[in-house]
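Presented below is the structure to which this report refers.
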Protein chains: 2
Amino acid sequence: MKQSQLFTKIRKEVPAGEVSKNAQLLIQAGFVYKEMAGVYAYLPLGWRVMNKIIEIIREEMNAIGGQELFLTALQSKEIWEKSGRWSDEVIDVWFKSQLASGTDVGLGNTHEEPITALMKQYVHSHKDLPVFAYQFQTKFRNELRAKSGIMRSREFIMKDLYSFCKNDQQHEKFYEECKQAYTRIFERLGIGDKTFVTFASGGSFSKYSHEFQALSDAGEDIIYLSRDKNIAVNEEVYNDEVLAELNLKKQDLEQHKAIEVGNIFSLGTKFSDALDLTYIDESGEKQKVIMGSYGIGPGRAMGTIVELCHDEHGIVWPESVAPFRVHLISLLKEGGGVADQMYKKLTDMGVETLYDDRDERAGVKFAQADMIGIPYRVVISEKTLEKNAVEVKKRNESEARLVLQEELYSLFV
Amino acid sequence: MKQSQLFTKIRKEVPAGEVSKNAQLLIQAGFVYKEMAGVYAYLPLGWRVMNKIIEIIREEMNAIGGQELFLTALQSKEIWEKSGRWSDEVIDVWFKSQLASGTDVGLGNTHEEPITALMKQYVHSHKDLPVFAYQFQTKFRNELRAKSGIMRSREFIMKDLYSFCKNDQQHEKFYEECKQAYTRIFERLGIGDKTFVTFASGGSFSKYSHEFQALSDAGEDIIYLSRDKNIAVNEEVYNDEVLAELNLKKQDLEQHKAIEVGNIFSLGTKFSDALDLTYIDESGEKQKVIMGSYGIGPGRAMGTIVELCHDEHGIVWPESVAPFRVHLISLLKEGGGVADQMYKKLTDMGVETLYDDRDERAGVKFAQADMIGIPYRVVISEKTLEKNAVEVKKRNESEARLVLQEELYSLFV
């Protein structure tokens with residue numbers, strides 16, 4: 001894409017009233033736009049990043065047998081009353097509204113109830129199980145405070161997968177597969193080395209749930225990390241009994257602030273009891289379906305990546321999620337020509353390139369490129385042209401190097 | 001995908017209370033699920049179709065310079081009060097709610113106001129124009145009645161593009177390009193031959209808007225069509241003055257019911273006046289930005305395709321939007337073997353294939369395949385195997401033909 005055509009502009013000033021680093025950097029560089037407190041629109045650059053994150057998650061969910069669907073935001077009171085979660089005292093982040101007829105409706109903040117009700121139409125026999133269904137769907141949560149930028153917002157896209165199994169064994173098998181898939185996802189998102197499987201409270205049907213916690217001072221959680229064992233314990237279950245059970249010693253654990261970037265949860269029969277989701281087993285007996293839920297917020301993941309991957313000059317995107325792979329910057333006084341050809345060739349090769357064809361000073365272009373954070377900066381100027389070369393610098397390196405023009409392309413094959 | 005793993009099942013009975021043909025067929029064949037009246041979830045098959053429609057629209061919007069972003073559903077009262085559209089008397093389909101703090105919020109039923117407010121941050125000079133920005137975003141409309149299935153629902157995905165131009169000339173040029181793009185979209189969706197550019201009421205800033213109307217008895221609009229001139233006139237502007245202006249004669253026009261599958265609208269300075277979106281022109285003068293809006297509902301397009309493309313046995317998807325290209329049906333008594341290999345080979349070739357590997361009678365499989373409506377039905381049985389062949393039937397043809405196994409693949413190259 002030609003940068004002269006990108007409608008967003010870089011803002012020098014830090015946006016007023018924005019305390020989180022992720023929102024500051026993302027707003028300044030034109031990735032997101034604050035619609036109101038805790039409500040962010042995604043601008044072209046940000047939407048490209050979001051879609052890369054979504055595609056990585058989608059691939060990993062499909063690889064473990066997930067079937068993608070798309071539930072609705074509007075929720076009827078009836079099914080949530082069955083589980084006892086319609087009440088604002090039970091779920092304190094409901095947005096509610098009314099149909100023109102006066103009937104109450106809610107905006108989905110999670111989707112256990114509707115998907116359990118939906119599965120009643122399709123699950124009857126043990127042969128219909130297991131089912132793993134997921135979606136990328138906007139959730140609405142009426143948070144009283146929203147100070148973590150895009151990491152905790154009032155409206156956000158969530159990947160939520162729900163598993164439906166005939167027994168604990170089938171459930172445990174998938175739960176473990178999903179845990180592995182989540183590990184792969186965070187590796188592919190470029191934050192695998194800072195993200196740890198963390199034992200957390202399990203609710204009524206399971207001793208533990210598992211969170212994926214990314215170490216960051218911007219986090220809202222406290223975890224205790226064993227680097228040796230590569231696991232952590234959330235503060236909420238950090239006690240002698242749990243440590244003994246996990247064979248962890250207090251003195252080996254590091255205390256960290258951390259961001260919960262994913263969680264997986266055994267639900268047992270909580271929702272299949274409430275909504276009566278049953279199947280007929282091999283011996284003709286009626287049984288309750290065993291459920292699990294598995295969440296990742298792509299927006300929160302994006303915010304976490306920004307928190308973990310930036311320096312004093314701006315964002316440093318991991319290649320897998322960067323909005324473009326190459327930032328081609330022309331400093332040629334006569335626009336077009338060689339730079340245009342280079343842009344065309346990169347684009348034809350399928351290398352996603354942002355082409356800074358604007359009439360701007362070099363210093364401005366470099367500073368703005370650092371703020372946007374594309375992995376490869378390729379500069380073409382009169383000086384480099386004399387040597388039939390371009391200057392290549394990776395965003396996470398300090399030194400640029402000259403690369404002959406004809407060798408440039410092989411960097412991206 | 002193996003059909004044995006698809007969690008949805010075919011329903012023989014017509015869903016109770018569903019009067020529209022599109023919703024009946026889509027629910028029966030497992031494409032959509034009715035969450036409540038006018039609110040539909042998209043199941044794996046339906047979500048595949050939706051994404052194909054979205055991708056076709058996206059390609060055409062990008063081709064005319066559209067930049068994709070993603071605005072928010074939650075809307076603040078302030079910006080809508082500026083345009084006078086917060087009131088329920090002006091827009092009678094608002095869903096409204098409140099933040100935990102008590103502040104009123106609405107759910108976006110369209111997005112002129114927020115995108116105009118957003119552009120104030122990025123549009124300052126004539127050099128910043130034109131801008132064409134679009135999104136695929138869930139809209140909420142509190143319709144009193146919702147009887148047209150997925151064609152008019154209370155919650156639906158909409159592609160809405162907004163154009164921002166410096167003068168009428170720049171606006172008219174894009175308006176025409178978008179009209180051509182819409183024509184290509186409906187051709188690619190397989191309903192081009194039944195969809196006509198239709199002159200409709202233009203509001204305060206323009207004599208006409210243009211609708212894309214698909215002829216169908218399921219439509220809610222009445223249009224008057226000139227086949228000769230390949231244009232139509234919406235009932236709302238069907239009068240002597242308009243007919244004279246368009247050089248149409250009453251006796252040459254056919255009256256039809258039709259579905260509005262798209263519309264393009266010149267907004268003039270209505271919203272840039274209300275929200276004060278200005279730019280500095282070449283001579284240093286402040287000017288108002290000229291806007292346009294351009295909508296297509298992918299869900300409504302999907303419903304329209306079903307209304308236009310079905311027979312007494314079920315849906316007949318155009319190839320461009322079908323959930324799969326091939327429905328491979330094995331009638332082999334011993335499962336697996338040759339059919340498995342064929343499925344693998346088709347999949348490896350990149351041919352999207354639904355593989356009916358279920359233990360079901362041939363009659364059931366055929367009837368259900370017709371309901372699902374995939375373009376190519378490929379049947380393998382002991383009988384066809386004797387001839388080293390498979391039986392191929394297109395969904396819109398009545399006769400099947402034998403094709404040698406090795407020749408099958410060349411059909412899909």
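Naming works like this for the structure tokens: A, B, ... for the chains as they're shown, residue 1 at the start of each chain, ligands 1 onward in shown order.
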
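Using only C-alpha atoms, the contacts of Ile372 in chain B at a cut-off of 9 Å, with sequence neighbours closer than 2 positions omitted, comprise Ile10, Leu25, Leu26, Gln28, Ala29, Gly30, Phe31, Leu45, Gly314, Ile315, Val316, Trp317, Pro323, Ala367, Gln368, Ala369, Asp370 and Ile374 of chain B.
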
Let's have the selection written as a JSON list (two decimals), in the first residue's frame, with N, CA and C atoms.
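Result file part_7.json:
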```json
[["chain", "number", "residue", "atom", "x", "y", "z"],
["B", 10, "ILE", "N", -29.30, -32.44, 8.97],
["B", 10, "ILE", "CA", -30.41, -31.99, 8.13],
["B", 10, "ILE", "C", -31.73, -32.24, 8.87],
["B", 25, "LEU", "N", -35.23, -22.92, 4.19],
["B", 25, "LEU", "CA", -34.24, -23.78, 3.53],
["B", 25, "LEU", "C", -32.91, -23.77, 4.28],
["B", 26, "LEU", "N", -32.51, -22.60, 4.75],
["B", 26, "LEU", "CA", -31.22, -22.48, 5.41],
["B", 26, "LEU", "C", -31.23, -23.17, 6.78],
["B", 28, "GLN", "N", -33.30, -25.72, 7.61],
["B", 28, "GLN", "CA", -33.43, -27.17, 7.40],
["B", 28, "GLN", "C", -32.10, -27.82, 7.02],
["B", 29, "ALA", "N", -31.33, -27.12, 6.19],
["B", 29, "ALA", "CA", -30.08, -27.72, 5.71],
["B", 29, "ALA", "C", -28.91, -27.43, 6.65],
["B", 30, "GLY", "N", -29.17, -26.73, 7.76],
["B", 30, "GLY", "CA", -28.12, -26.53, 8.76],
["B", 30, "GLY", "C", -27.16, -25.39, 8.45],
["B", 31, "PHE", "N", -27.64, -24.37, 7.75],
["B", 31, "PHE", "CA", -26.79, -23.20, 7.48],
["B", 31, "PHE", "C", -26.94, -22.13, 8.56],
["B", 45, "LEU", "N", -21.71, -24.39, 7.87],
["B", 45, "LEU", "CA", -21.98, -24.28, 6.42],
["B", 45, "LEU", "C", -22.35, -22.85, 6.05],
["B", 314, "GLY", "N", -34.25, -28.25, -2.75],
["B", 314, "GLY", "CA", -33.37, -27.52, -1.83],
["B", 314, "GLY", "C", -32.65, -26.38, -2.50],
["B", 315, "ILE", "N", -31.56, -25.96, -1.87],
["B", 315, "ILE", "CA", -30.79, -24.81, -2.35],
["B", 315, "ILE", "C", -29.91, -25.24, -3.53],
["B", 316, "VAL", "N", -29.67, -24.31, -4.46],
["B", 316, "VAL", "CA", -28.78, -24.55, -5.60],
["B", 316, "VAL", "C", -27.75, -23.42, -5.60],
["B", 317, "TRP", "N", -26.67, -23.58, -4.84],
["B", 317, "TRP", "CA", -25.70, -22.49, -4.68],
["B", 317, "TRP", "C", -24.95, -22.21, -5.98],
["B", 323, "PRO", "N", -20.76, -23.48, -0.08],
["B", 323, "PRO", "CA", -19.92, -23.79, 1.09],
["B", 323, "PRO", "C", -18.77, -24.73, 0.72],
["B", 367, "ALA", "N", -30.93, -37.00, -1.10],
["B", 367, "ALA", "CA", -31.92, -35.98, -0.73],
["B", 367, "ALA", "C", -31.26, -34.88, 0.10],
["B", 368, "GLN", "N", -30.39, -35.29, 1.01],
["B", 368, "GLN", "CA", -29.74, -34.29, 1.86],
["B", 368, "GLN", "C", -28.73, -33.46, 1.07],
["B", 369, "ALA", "N", -28.05, -34.11, 0.12],
["B", 369, "ALA", "CA", -27.12, -33.36, -0.73],
["B", 369, "ALA", "C", -27.87, -32.30, -1.52],
["B", 370, "ASP", "N", -29.07, -32.66, -2.02],
["B", 370, "ASP", "CA", -29.86, -31.67, -2.75],
["B", 370, "ASP", "C", -30.26, -30.51, -1.85],
["B", 374, "ILE", "N", -24.64, -28.17, -2.89],
["B", 374, "ILE", "CA", -23.26, -28.00, -3.39],
["B", 374, "ILE", "C", -23.24, -28.26, -4.90]]
```

Neighbours of chain B in chain A at 8 Å, counting only C-alpha atoms, as a VMD selection string: chain A and resid 6 to 9 33 35 to 36 39 to 44 46 to 47 67 to 76 93 95 to 101 114 118 122 to 123 128 131 142 to 144 155

Strand (DSSP E or B) residues, from DSSP on the backbone, in range 222-329 of chain B, as a PyMOL selection string: chain B and resi 222-226+231-234+254-268+278-280+286-288+290-296+310-311+314-315+326-329

Would you list the contacts of Leu404 in chain A as a PDB file with C-alpha atoms, in the first residue's frame, taking every protein, DNA or RNA residue within 7 Å and counting only C-alpha atoms, but skipping same-chain residues closer than 5 positions in sequence?
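Everything below was put into part-v9.pdb:
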```pdb
ATOM      1  CA  ASN A 388      22.972   0.127  -6.903  1.00  0.00           C
ATOM      2  CA  ALA A 389      21.863  -0.629  -3.389  1.00  0.00           C
ATOM      3  CA  VAL A 390      19.248  -0.018  -0.737  1.00  0.00           C
TER       4      VAL A 390
END
```

For Gly149 in chain B, the nearest of the candidates B:Gln24, B:Thr116, B:Asn234, B:Asn51, counting only C-alpha atoms: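 Result for the nearest residue to Gly149 in chain B: B:Gln24.
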
Range 249-258 of chain A surroundings by only C-alpha atoms, 7 Å radius, close-in-sequence under 5 positions cut, as a ChimeraX atom specification: /A:213-217,219-226,243

Nearby residues (only C-alpha atoms) at most 12 Å from Tyr208 in chain B, same-chain spacing under 4 positions excluded, as a PyMOL selection string: chain B and resi 197-204+233-234+236-238+242+245-246+263-267
